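Below is one structure, written out as structure tokens, with a few remarks after it.
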2 protein chains.
Amino acid sequence: MTFTFWFEFASTYSYPAAMKLEHLAAERDIEVHWQPFLLGPIFQAQGWNDTPFKLFPAKGRYMWRDIERLCERDGIRFHRPSQFPRSGLLAARIVNWHAQEPWVPAFVRSVYRANFEHDQDIADPAVIANCLAEVKLDAEVLLKQSQRPEVKESLRKATERAQALGIFGAPFFMAGDEPFWGYDRMEQALDWYEARMDDEE
Amino acid sequence: MTFTFWFEFASTYSYPAAMKLEHLAAERDIEVHWQPFLLGPIFQAQGWNDTPFKLFPAKGRYMWRDIERLCERDGIRFHRPSQFPRSGLLAARIVNWHAQEPWVPAFVRSVYRANFEHDQDIADPAVIANCLAEVKLDAEVLLKQSQRPEVKESLRKATERAQALGIFGAPFFMAGDEPFWGYDRMEQALDWYEARMDDEE
């Protein structure tokens, strides 16, 4: 049984999840698989050519207020980006290819903070290079690698797996086979998994 | 400042909210305005001719699992209705017209339980008559009254007010001017209002 955190770098509600998850999982001795994917193709498959937060303006206005309130409550710095959504494609390719590496959670948080705390464009390789440097990685090597066909293809496959699992938004948590959608369900998902993880042993 | 509970009788997540709200509000000495409205016209305005839970099947499948889990956690009996969504138009007309009456919360709960616990068709006047009788009201008089033009018009106006407030889903809570969407935000909305209610006095 595995616990998988499915996230999209462009997603606002994935941001507080990425900031809190490692700590909450460690408290419960849960090993998390950090799995990026792209929401774009999934939205397109249901007839949306943009984020629902732009297609449905009332929902978008509410989301900005809600995420601001949530981050304040949970002690997470948040600054509404001047551009939304920003493409997380590059970062997602890197993380997906290196998903088993111990530096993944720290790098993911660095990318989220670039976008949602420092208002930087995460589609810009220079921004991602800074995030890689922050976790002591060789940005030049990793950025170059991210353009290889097999790296691109691997992320496409991950997004197809997300879709096959019925994932329609982010963040999304799979506690074994049990699906949990949204930052609001993160602790419930971890508790669910913790209870069954003990059963399995 | 007022605290308003905006709900739609067809809405699954409004059901646990309706079951829990009176108790949670009373603990905080909050007086709640129970305000039904219709999601149909609001969904239509954003190009949807049905509930998102049917238009987007993955989201629908997830919702049934999620609501079942939530109700189990919160001690609310839930039985997935054989028909979804069911029109809450008749019940919404009655409640909207009598929104100030002390019997409203009990009647609302009775209608929700008919749909989501007993799998009864709340579009059927005989079902609503039973719910009215359960709270000792004269069903014949109220059902007849619900067909008067001014009663119908008043509910249309309520739905227009919801739309003007930026309400795009249900349940929705307005704590003064502060918007909170979803059963997941009910306690946060009440806490928010409680804190400011004291400021005002």
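Simple scheme: letters A, B, ... for chains in structure tokens order, numbers from 1 for residues in each chain, numbers from 1 for ligands in the order shown.
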Got a sec to pull out which chain A residues are within 9 Å of chain B, counting only C-alpha atoms, and send them as a ChimeraX atom specification? /A:46,55-59,61-62,65-66,163,165-169,179-181,184
Chain fit of chain A to chain B, all Cα atoms, as a short mmCIF file (atom, residue, chain, number, x, y, z; two decimals) with C-alpha atoms, in the first residue's frame:
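Contents of the output file part.cif:
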data_model
loop_
_atom_site.label_atom_id
_atom_site.label_comp_id
_atom_site.auth_asym_id
_atom_site.auth_seq_id
_atom_site.Cartn_x
_atom_site.Cartn_y
_atom_site.Cartn_z
CA MET A 1 -24.47 41.86 10.73
CA THR A 2 -26.24 38.61 9.89
CA PHE A 3 -25.19 35.02 9.43
CA THR A 4 -26.92 33.43 6.45
CA PHE A 5 -26.98 29.76 5.50
CA TRP A 6 -27.61 29.52 1.76
CA PHE A 7 -28.67 26.02 0.78
CA GLU A 8 -30.19 24.05 -2.09
CA PHE A 9 -32.38 21.05 -1.27
CA ALA A 10 -30.89 19.02 -4.13
CA SER A 11 -27.33 19.54 -2.87
CA THR A 12 -25.59 16.60 -1.21
CA TYR A 13 -23.14 18.67 0.82
CA SER A 14 -25.96 20.92 2.07
CA TYR A 15 -27.43 17.85 3.80
CA PRO A 16 -24.86 17.38 6.58
CA ALA A 17 -24.70 21.17 6.94
CA ALA A 18 -28.46 21.35 7.54
CA MET A 19 -28.25 18.49 10.03
CA LYS A 20 -25.46 20.04 12.12
CA LEU A 21 -25.92 23.80 11.81
CA GLU A 22 -28.58 24.59 14.39
CA HIS A 23 -26.64 22.87 17.17
CA LEU A 24 -23.27 24.42 16.26
CA ALA A 25 -24.78 27.90 15.94
CA ALA A 26 -26.58 27.60 19.29
CA GLU A 27 -23.30 26.69 21.01
CA ARG A 28 -21.99 30.06 19.83
CA ASP A 29 -25.22 32.02 20.39
CA ILE A 30 -25.46 32.77 16.69
CA GLU A 31 -28.83 33.39 15.10
CA VAL A 32 -28.91 31.91 11.61
CA HIS A 33 -30.98 33.03 8.66
CA TRP A 34 -31.89 29.86 6.72
CA GLN A 35 -32.10 30.88 3.07
CA PRO A 36 -32.90 28.36 0.34
CA PHE A 37 -32.08 29.11 -3.28
CA LEU A 38 -31.83 27.25 -6.58
CA LEU A 39 -28.51 26.22 -8.08
CA GLY A 40 -30.04 25.42 -11.48
CA PRO A 41 -30.20 29.00 -12.78
CA ILE A 42 -26.71 29.71 -11.41
CA PHE A 43 -25.26 26.64 -13.13
CA GLN A 44 -27.08 27.56 -16.33
CA ALA A 45 -25.58 31.06 -16.25
CA GLN A 46 -22.12 29.47 -16.35
CA GLY A 47 -23.04 27.18 -19.22
CA TRP A 48 -23.98 24.03 -17.30
CA ASN A 49 -27.31 22.36 -17.99
CA ASP A 50 -26.93 19.86 -15.14
CA THR A 51 -25.12 19.36 -11.83
CA PRO A 52 -21.32 19.28 -12.17
CA PHE A 53 -21.49 15.85 -10.48
CA LYS A 54 -23.15 14.49 -13.62
CA LEU A 55 -21.40 16.69 -16.19
CA PHE A 56 -18.02 15.61 -14.80
CA PRO A 57 -18.34 11.91 -13.92
CA ALA A 58 -15.01 11.53 -12.09
CA LYS A 59 -16.03 14.37 -9.79
CA GLY A 60 -19.44 12.75 -9.29
CA ARG A 61 -17.98 9.35 -8.40
CA TYR A 62 -15.66 11.00 -5.91
CA MET A 63 -18.45 13.09 -4.38
CA TRP A 64 -20.53 10.01 -3.51
CA ARG A 65 -17.60 8.37 -1.78
CA ASP A 66 -16.67 11.58 0.01
CA ILE A 67 -20.17 12.37 1.30
CA GLU A 68 -20.60 8.81 2.53
CA ARG A 69 -17.30 9.05 4.43
CA LEU A 70 -18.17 12.48 5.85
CA CYS A 71 -21.61 11.41 7.05
CA GLU A 72 -20.16 8.32 8.66
CA ARG A 73 -17.52 10.41 10.44
CA ASP A 74 -20.10 12.93 11.63
CA GLY A 75 -22.75 10.43 12.71
CA ILE A 76 -25.30 11.34 10.03
CA ARG A 77 -27.32 8.58 8.40
CA PHE A 78 -26.85 8.61 4.65
CA HIS A 79 -28.31 6.48 1.89
CA ARG A 80 -27.37 7.31 -1.68
CA PRO A 81 -30.62 8.35 -3.41
CA SER A 82 -31.74 6.21 -6.34
CA GLN A 83 -32.35 9.44 -8.26
CA PHE A 84 -30.04 12.49 -8.35
CA PRO A 85 -30.50 15.39 -8.35
CA ARG A 86 -34.08 15.71 -7.18
CA SER A 87 -35.86 19.04 -7.52
CA GLY A 88 -36.10 20.96 -4.28
CA LEU A 89 -38.19 23.69 -5.89
CA LEU A 90 -41.34 23.06 -3.90
CA ALA A 91 -39.61 22.86 -0.53
CA ALA A 92 -37.50 25.91 -1.37
CA ARG A 93 -40.60 27.96 -2.17
CA ILE A 94 -42.17 27.06 1.17
CA VAL A 95 -39.07 27.77 3.24
CA ASN A 96 -38.19 30.98 1.44
CA TRP A 97 -41.69 32.35 2.04
CA HIS A 98 -41.60 31.44 5.72
CA ALA A 99 -37.90 32.00 6.38
CA GLN A 100 -38.51 33.79 9.70
CA GLU A 101 -40.65 31.01 11.22
CA PRO A 102 -39.23 28.98 14.10
CA TRP A 103 -40.19 25.69 12.44
CA VAL A 104 -37.87 26.23 9.46
CA PRO A 105 -34.76 24.33 10.67
CA ALA A 106 -36.78 21.24 11.65
CA PHE A 107 -38.73 21.25 8.39
CA VAL A 108 -35.54 21.67 6.34
CA ARG A 109 -33.93 18.72 8.10
CA SER A 110 -37.02 16.64 7.51
CA VAL A 111 -36.86 17.32 3.77
CA TYR A 112 -33.13 16.53 3.60
CA ARG A 113 -33.65 13.28 5.46
CA ALA A 114 -36.48 12.32 3.12
CA ASN A 115 -34.08 12.65 0.18
CA PHE A 116 -30.74 11.51 1.59
CA GLU A 117 -31.75 9.06 4.28
CA HIS A 118 -35.09 7.63 3.12
CA ASP A 119 -34.66 7.91 -0.67
CA GLN A 120 -37.96 9.71 -1.15
CA ASP A 121 -38.72 12.02 -4.05
CA ILE A 122 -38.87 15.52 -2.58
CA ALA A 123 -40.34 16.82 -5.85
CA ASP A 124 -43.51 14.88 -4.93
CA PRO A 125 -45.97 17.09 -2.98
CA ALA A 126 -47.04 14.04 -0.95
CA VAL A 127 -43.49 13.68 0.39
CA ILE A 128 -43.35 17.37 1.29
CA ALA A 129 -46.78 17.07 2.91
CA ASN A 130 -45.37 14.34 5.18
CA CYS A 131 -42.40 16.55 6.09
CA LEU A 132 -44.76 19.42 6.94
CA ALA A 133 -46.93 17.13 9.03
CA GLU A 134 -43.83 15.95 10.87
CA VAL A 135 -43.34 19.50 12.18
CA LYS A 136 -47.08 19.86 12.93
CA LEU A 137 -47.95 22.18 10.04
CA ASP A 138 -51.02 22.26 7.86
CA ALA A 139 -49.68 20.72 4.66
CA GLU A 140 -52.75 21.47 2.58
CA VAL A 141 -52.62 25.19 3.30
CA LEU A 142 -48.86 25.51 2.77
CA LEU A 143 -48.76 23.46 -0.43
CA LYS A 144 -51.53 25.54 -1.91
CA GLN A 145 -49.86 28.77 -0.85
CA SER A 146 -46.58 27.65 -2.46
CA GLN A 147 -48.18 27.94 -5.89
CA ARG A 148 -49.07 31.61 -5.55
CA PRO A 149 -47.23 33.90 -8.00
CA GLU A 150 -45.72 36.10 -5.26
CA VAL A 151 -44.30 33.02 -3.50
CA LYS A 152 -42.68 31.79 -6.72
CA GLU A 153 -41.37 35.27 -7.50
CA SER A 154 -39.88 35.62 -4.03
CA LEU A 155 -37.74 32.51 -4.52
CA ARG A 156 -36.60 33.74 -7.92
CA LYS A 157 -35.47 36.96 -6.23
CA ALA A 158 -33.62 34.99 -3.56
CA THR A 159 -31.71 33.10 -6.25
CA GLU A 160 -30.87 36.42 -7.93
CA ARG A 161 -29.54 37.72 -4.61
CA ALA A 162 -27.40 34.59 -4.26
CA GLN A 163 -25.96 35.15 -7.71
CA ALA A 164 -25.31 38.84 -6.99
CA LEU A 165 -23.43 37.82 -3.83
CA GLY A 166 -21.13 35.62 -5.93
CA ILE A 167 -22.60 32.36 -4.67
CA PHE A 168 -21.74 29.54 -7.09
CA GLY A 169 -22.37 26.40 -5.05
CA ALA A 170 -24.04 25.06 -1.91
CA PRO A 171 -23.95 25.11 0.99
CA PHE A 172 -22.68 28.67 1.22
CA PHE A 173 -22.35 30.72 4.39
CA MET A 174 -22.26 34.52 4.56
CA ALA A 175 -20.80 35.64 7.88
CA GLY A 176 -21.67 39.29 7.42
CA ASP A 177 -19.84 40.04 4.16
CA GLU A 178 -17.39 37.17 4.49
CA PRO A 179 -18.11 34.24 2.15
CA PHE A 180 -17.55 30.58 3.04
CA TRP A 181 -18.31 27.79 0.59
CA GLY A 182 -18.99 24.19 1.51
CA TYR A 183 -19.75 21.97 4.46
CA ASP A 184 -15.99 21.96 5.11
CA ARG A 185 -16.13 25.67 5.96
CA MET A 186 -19.21 25.68 8.21
CA GLU A 187 -17.40 25.75 11.54
CA GLN A 188 -14.82 28.24 10.26
CA ALA A 189 -17.69 30.50 9.13
CA LEU A 190 -19.39 30.27 12.53
CA ASP A 191 -16.12 30.97 14.36
CA TRP A 192 -15.42 33.93 12.11
CA TYR A 193 -18.84 35.38 12.80
CA GLU A 194 -18.68 34.72 16.52
CA ALA A 195 -15.39 36.63 16.82
CA ARG A 196 -16.74 39.68 14.97
CA MET A 197 -20.19 39.57 16.52
CA ASP A 198 -18.51 40.29 19.87
CA ASP A 199 -16.59 43.20 18.32
CA GLU A 200 -19.83 44.75 17.17
CA GLU A 201 -21.48 44.77 20.53
#
Enumerate the residues of range 3-127 of chain B with a DSSP assignment of helix (DSSP H, G or I), computed from the backbone, and present them as an MDAnalysis selection string. chainID B and resid 14:27 39:45 52:55 57:73 89:97 104:116 125:127
Could you give me the residues within chain A that DSSP places in strand (DSSP E), as a count of residues only? 18
